[in-house]
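Taking it in order: structure first as structure tokens, then the write-up.
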Amino acid sequence: MNKKVSLTIGIIVLILLVVGIMGYKQFSSKQTINKVTKKYGYEDEEILAYVEDKYGFTVSILENEGRKTGSAEKGLTVHDAIVETTDEERLQFPIHISAFGNISGDDYEEVKLRNDLNETIQESEMFQELRVEGFTSLTFGEGSEDPAFSMALPEDKQIGDPEVHASLFESLPILKKVQEEAEQEGYTMEDVQIDEVTIPLNKEYESTDDLANKLAAENIDAFTYLFYKEDFAKVGEEEFAEAGFDVSLTCKKMVIHTVCDEYSLTLRPIGQEDQTDEEFRYDDEADRQQLFDGILLSREIALPIDTVLVDNMVVPFKPEDQKYSGDVLQEREGAVQVMISFEIEVKDFREIDSAEEIYLDYVG
């Protein structure tokens, strides 16, 4: 046989051998991936097997929607499954599914721990003392989405009421005992949620007022009912309406729980709520003058107004383009260069002397 022919045949055989080996490895790899997917996938039977293998008990499937079907995230996200134990406790917990369709973990141990704490401490002397102070619905919750520990106020009480502050202050030593007992069981409880207010237990509170002030500083919206109506009466709502604005106040800072230290004032052009009327524009001379009139009125309010915002106003995409009209920008760029923006800050509103000086501060 010709040496060249033999060499050619040898090369062909070698190539076929290499291709065969690579094909086998690829096939083997696919088989491994398939086994992993089957073992840790999100089909019902795989979830049941996962729980049985990990915990040694059976569950029933309550929810298992699989991959989300929304157009923006189709195929990218998988819903967690919800299962329930078949024993007397009937504990429900999620099975977490990754974007790859594999089981990534579950919350059974936390759900079980919370359930045990609720059962063992529910009738304890500590809980009885908290109930005497007027608190209800004491619970460690059921799952990871719940607060670590929560309780509720009586229906006729609110967090800003002085008697609530007194009860809370008296209850702090009790709550810290609850925290200690929970930690002995391996449970982390760093704060307490009362209605919508969170109370950190690692802070020191020197008095009822100190407690109230610290809570107000971190939960402003829960305390504004104490003074908002009286403060808003100072705004002069009718004067703003005559200038063409609806107006609202938002407290931004509190040091003393009965006083707002900084407000933001929002001016909303009347008739712009549904954006069907004529646009309120940065480049319209009449609109800018109207805004300047609103700014002047805001300076007269006997309240600590720190910021003035204007809502539903047409502005350029880029803040630095405010010196050009929308028509100029469109001609320059070949496309519309403006947008409706919400709650834009009027920069240095106390220093403005004319409508021409107004500069709107926002992120384009």
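Chain lettering (A, B, ...) mirrors the order of the structure tokens, residue numbering begins at 1 for each chain separately, and ligand numbering begins at 1 in order of display.
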Shell of 9 Å around range 127-143 of chain A, only C-alpha atoms, local chain residues under 6 positions omitted, as a PyMOL selection string = chain A and resi 91-94+107-108+110-112+114-115+117-118+121+149-154+164+167-168+170-171+174-175+178+189+194
Within 8 Å of range 308-321 of chain A, counting only C-alpha atoms, which residues show up once you throw out same-chain ones fewer than 2 positions away? Write them as number ranges by chain, please.
-> A: 264-269, 272-273, 275, 279-282, 295, 298, 305-306, 323-324, 326, 329, 337-346, 349, 360-364
Selection near range 224-235 of chain A, 7 Å with only C-alpha atoms, sequence-local residues under 2 positions removed, as a list of chain:residue names | A:Gly160, A:Ile220, A:Asp221, A:Ala222, A:Glu237, A:Thr258, A:Val259, A:Ile301, A:Ala302
Between A:Glu45, A:Glu109, A:Glu206, A:Asp156, which has the minimum distance to Leu172 in chain A (counting only C-alpha atoms)?
-> A:Glu206
Counting only C-alpha atoms, what is within 12 Å of Glu356 in chain A, bar same-chain residues fewer than 3 positions away, as a list in words?
->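 Here the qualifying residues turn out to be Tyr282, Asp283, Asp284, Glu285, Ala286, Asp287, Arg288, Gln289, Gln290, Leu291, Phe292, Gln322, Lys323, Ile352, Asp353, Tyr359 and Leu360 of chain A.
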Those selected residues, please, written with all heavy atoms and delivered as a compact mmCIF listing (two decimals), in the first residue's frame.
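As written to disk, out.txt reads:
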```
# COMPACT_ATOMS: atom_id res chain seq x y z
N TYR A 282 -42.01 72.83 31.18
CA TYR A 282 -40.86 73.62 31.64
C TYR A 282 -40.55 74.79 30.71
O TYR A 282 -39.99 75.81 31.11
CB TYR A 282 -39.61 72.73 31.74
CG TYR A 282 -38.96 72.46 30.40
CD1 TYR A 282 -37.82 73.15 30.01
CD2 TYR A 282 -39.51 71.52 29.51
CE1 TYR A 282 -37.23 72.91 28.76
CE2 TYR A 282 -38.93 71.29 28.29
CZ TYR A 282 -37.79 71.98 27.91
OH TYR A 282 -37.23 71.76 26.69
N ASP A 283 -40.92 74.66 29.41
CA ASP A 283 -40.56 75.66 28.41
C ASP A 283 -41.73 76.56 28.02
O ASP A 283 -41.66 77.29 27.02
CB ASP A 283 -39.98 74.98 27.16
CG ASP A 283 -40.92 73.94 26.56
OD1 ASP A 283 -42.00 73.69 27.16
OD2 ASP A 283 -40.59 73.37 25.50
N ASP A 284 -42.80 76.49 28.79
CA ASP A 284 -43.95 77.37 28.55
C ASP A 284 -43.86 78.55 29.53
O ASP A 284 -43.80 78.36 30.74
CB ASP A 284 -45.26 76.60 28.76
CG ASP A 284 -46.47 77.45 28.44
OD1 ASP A 284 -46.88 78.25 29.32
OD2 ASP A 284 -47.00 77.32 27.33
N GLU A 285 -43.86 79.73 28.99
CA GLU A 285 -43.65 80.93 29.82
C GLU A 285 -44.73 81.08 30.89
O GLU A 285 -44.43 81.40 32.05
CB GLU A 285 -43.62 82.17 28.93
CG GLU A 285 -43.31 83.46 29.67
CD GLU A 285 -43.19 84.66 28.74
OE1 GLU A 285 -43.01 84.46 27.52
OE2 GLU A 285 -43.27 85.80 29.24
N ALA A 286 -45.98 80.82 30.52
CA ALA A 286 -47.08 80.95 31.48
C ALA A 286 -46.97 79.89 32.57
O ALA A 286 -47.22 80.18 33.76
CB ALA A 286 -48.41 80.83 30.75
N ASP A 287 -46.58 78.67 32.20
CA ASP A 287 -46.45 77.60 33.19
C ASP A 287 -45.31 77.90 34.16
O ASP A 287 -45.42 77.66 35.37
CB ASP A 287 -46.20 76.27 32.49
CG ASP A 287 -47.43 75.75 31.76
OD1 ASP A 287 -48.53 76.29 32.02
OD2 ASP A 287 -47.30 74.83 30.93
N ARG A 288 -44.22 78.43 33.65
CA ARG A 288 -43.09 78.77 34.52
C ARG A 288 -43.48 79.90 35.49
O ARG A 288 -43.10 79.87 36.67
CB ARG A 288 -41.86 79.20 33.71
CG ARG A 288 -41.22 78.06 32.94
CD ARG A 288 -39.97 78.51 32.22
NE ARG A 288 -38.87 78.77 33.15
CZ ARG A 288 -38.01 77.85 33.56
NH1 ARG A 288 -38.13 76.59 33.14
NH2 ARG A 288 -37.03 78.16 34.39
N GLN A 289 -44.26 80.86 35.01
CA GLN A 289 -44.70 81.93 35.89
C GLN A 289 -45.65 81.39 36.96
O GLN A 289 -45.59 81.79 38.13
CB GLN A 289 -45.40 83.03 35.09
CG GLN A 289 -45.81 84.24 35.92
CD GLN A 289 -44.64 84.92 36.62
OE1 GLN A 289 -43.61 85.20 36.00
NE2 GLN A 289 -44.78 85.18 37.92
N GLN A 290 -46.53 80.46 36.54
CA GLN A 290 -47.43 79.83 37.51
C GLN A 290 -46.63 79.10 38.58
O GLN A 290 -46.94 79.19 39.79
CB GLN A 290 -48.38 78.87 36.80
CG GLN A 290 -49.33 78.14 37.75
CD GLN A 290 -50.22 77.14 37.02
OE1 GLN A 290 -50.42 77.22 35.81
NE2 GLN A 290 -50.76 76.18 37.77
N LEU A 291 -45.59 78.37 38.16
CA LEU A 291 -44.75 77.65 39.12
C LEU A 291 -44.04 78.62 40.04
O LEU A 291 -43.94 78.37 41.25
CB LEU A 291 -43.73 76.78 38.37
CG LEU A 291 -42.76 75.98 39.24
CD1 LEU A 291 -43.50 75.10 40.24
CD2 LEU A 291 -41.83 75.13 38.37
N PHE A 292 -43.58 79.74 39.51
CA PHE A 292 -42.91 80.74 40.34
C PHE A 292 -43.87 81.30 41.39
O PHE A 292 -43.49 81.50 42.55
CB PHE A 292 -42.35 81.86 39.47
CG PHE A 292 -41.62 82.93 40.24
CD1 PHE A 292 -40.47 82.62 40.96
CD2 PHE A 292 -42.09 84.24 40.26
CE1 PHE A 292 -39.79 83.61 41.69
CE2 PHE A 292 -41.42 85.22 40.98
CZ PHE A 292 -40.27 84.90 41.69
N GLN A 322 -32.51 72.11 29.99
CA GLN A 322 -33.65 72.98 30.34
C GLN A 322 -33.55 74.36 29.71
O GLN A 322 -34.55 75.07 29.58
CB GLN A 322 -33.75 73.11 31.87
CG GLN A 322 -34.18 71.84 32.56
CD GLN A 322 -34.23 72.00 34.07
OE1 GLN A 322 -34.97 72.84 34.60
NE2 GLN A 322 -33.46 71.19 34.79
N LYS A 323 -32.36 74.77 29.31
CA LYS A 323 -32.19 76.09 28.69
C LYS A 323 -32.70 76.11 27.25
O LYS A 323 -32.80 77.18 26.64
CB LYS A 323 -30.72 76.50 28.73
CG LYS A 323 -29.76 75.51 28.09
CD LYS A 323 -28.32 75.90 28.35
CE LYS A 323 -27.35 74.84 27.82
NZ LYS A 323 -25.94 75.19 28.13
N ILE A 352 -34.76 81.82 44.48
CA ILE A 352 -35.21 82.18 43.14
C ILE A 352 -35.93 83.53 43.16
O ILE A 352 -36.81 83.77 43.97
CB ILE A 352 -36.15 81.09 42.59
CG1 ILE A 352 -35.40 79.76 42.47
CG2 ILE A 352 -36.73 81.50 41.24
CD1 ILE A 352 -36.29 78.58 42.13
N ASP A 353 -35.56 84.41 42.22
CA ASP A 353 -36.14 85.76 42.16
C ASP A 353 -37.03 85.97 40.95
O ASP A 353 -37.68 87.02 40.83
CB ASP A 353 -35.04 86.82 42.16
CG ASP A 353 -34.26 86.86 43.48
OD1 ASP A 353 -34.91 86.69 44.53
OD2 ASP A 353 -33.04 87.05 43.43
N TYR A 359 -34.78 76.21 38.21
CA TYR A 359 -34.05 75.05 37.68
C TYR A 359 -34.59 73.81 38.39
O TYR A 359 -34.68 73.76 39.61
CB TYR A 359 -32.55 75.17 37.96
CG TYR A 359 -31.75 74.04 37.35
CD1 TYR A 359 -31.38 74.07 36.01
CD2 TYR A 359 -31.39 72.92 38.10
CE1 TYR A 359 -30.66 73.03 35.43
CE2 TYR A 359 -30.67 71.87 37.53
CZ TYR A 359 -30.31 71.93 36.20
OH TYR A 359 -29.61 70.89 35.64
N LEU A 360 -34.97 72.84 37.60
CA LEU A 360 -35.57 71.62 38.11
C LEU A 360 -34.48 70.56 38.26
O LEU A 360 -33.78 70.23 37.30
CB LEU A 360 -36.68 71.14 37.19
CG LEU A 360 -37.78 72.18 36.97
CD1 LEU A 360 -38.67 71.78 35.82
CD2 LEU A 360 -38.58 72.40 38.24
```
Any idea what the distance is between CA of Met254 in chain A and CA of Ala217 in chain A?
->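 Value for the CA of Met254 in chain A-CA of Ala217 in chain A distance: 5.1 Å.
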Would you kindly return, as a list in words, each protein, DNA or RNA residue with an atom no farther than 10 Å from any atom of Phe57 in chain A, considering only C-alpha atoms and excluding same-chain residues fewer than 3 positions away?
->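 Within the cut-off, the hits are Leu48, Ala49, Val51, Glu52, Asp53, Lys54, Thr85, Thr86 and Asp87 of chain A.
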Those residues with N, CA and C atoms, as a PDB file, in the first residue's frame please?
```pdb
ATOM      1  N   LEU A  48     -41.485  15.677  46.003  1.00  0.00           N
ATOM      2  CA  LEU A  48     -41.836  14.695  47.029  1.00  0.00           C
ATOM      3  C   LEU A  48     -40.620  13.850  47.410  1.00  0.00           C
ATOM      4  N   ALA A  49     -39.847  13.455  46.398  1.00  0.00           N
ATOM      5  CA  ALA A  49     -38.654  12.645  46.659  1.00  0.00           C
ATOM      6  C   ALA A  49     -37.610  13.449  47.415  1.00  0.00           C
ATOM      7  N   VAL A  51     -38.063  15.945  49.604  1.00  0.00           N
ATOM      8  CA  VAL A  51     -38.443  16.060  51.018  1.00  0.00           C
ATOM      9  C   VAL A  51     -38.254  14.732  51.736  1.00  0.00           C
ATOM     10  N   GLU A  52     -38.645  13.634  51.092  1.00  0.00           N
ATOM     11  CA  GLU A  52     -38.497  12.311  51.692  1.00  0.00           C
ATOM     12  C   GLU A  52     -37.025  12.005  51.948  1.00  0.00           C
ATOM     13  N   ASP A  53     -36.160  12.336  50.984  1.00  0.00           N
ATOM     14  CA  ASP A  53     -34.730  12.065  51.138  1.00  0.00           C
ATOM     15  C   ASP A  53     -34.108  12.929  52.234  1.00  0.00           C
ATOM     16  N   LYS A  54     -34.523  14.191  52.308  1.00  0.00           N
ATOM     17  CA  LYS A  54     -33.881  15.121  53.243  1.00  0.00           C
ATOM     18  C   LYS A  54     -34.411  14.987  54.658  1.00  0.00           C
ATOM     19  N   THR A  85     -46.893  19.254  55.362  1.00  0.00           N
ATOM     20  CA  THR A  85     -46.623  17.952  55.985  1.00  0.00           C
ATOM     21  C   THR A  85     -47.939  17.210  56.189  1.00  0.00           C
ATOM     22  N   THR A  86     -47.867  15.905  56.176  1.00  0.00           N
ATOM     23  CA  THR A  86     -49.082  15.093  56.291  1.00  0.00           C
ATOM     24  C   THR A  86     -49.339  14.631  57.722  1.00  0.00           C
ATOM     25  N   ASP A  87     -48.526  15.106  58.666  1.00  0.00           N
ATOM     26  CA  ASP A  87     -48.747  14.729  60.063  1.00  0.00           C
ATOM     27  C   ASP A  87     -49.779  15.660  60.695  1.00  0.00           C
TER      28      ASP A  87
END
```
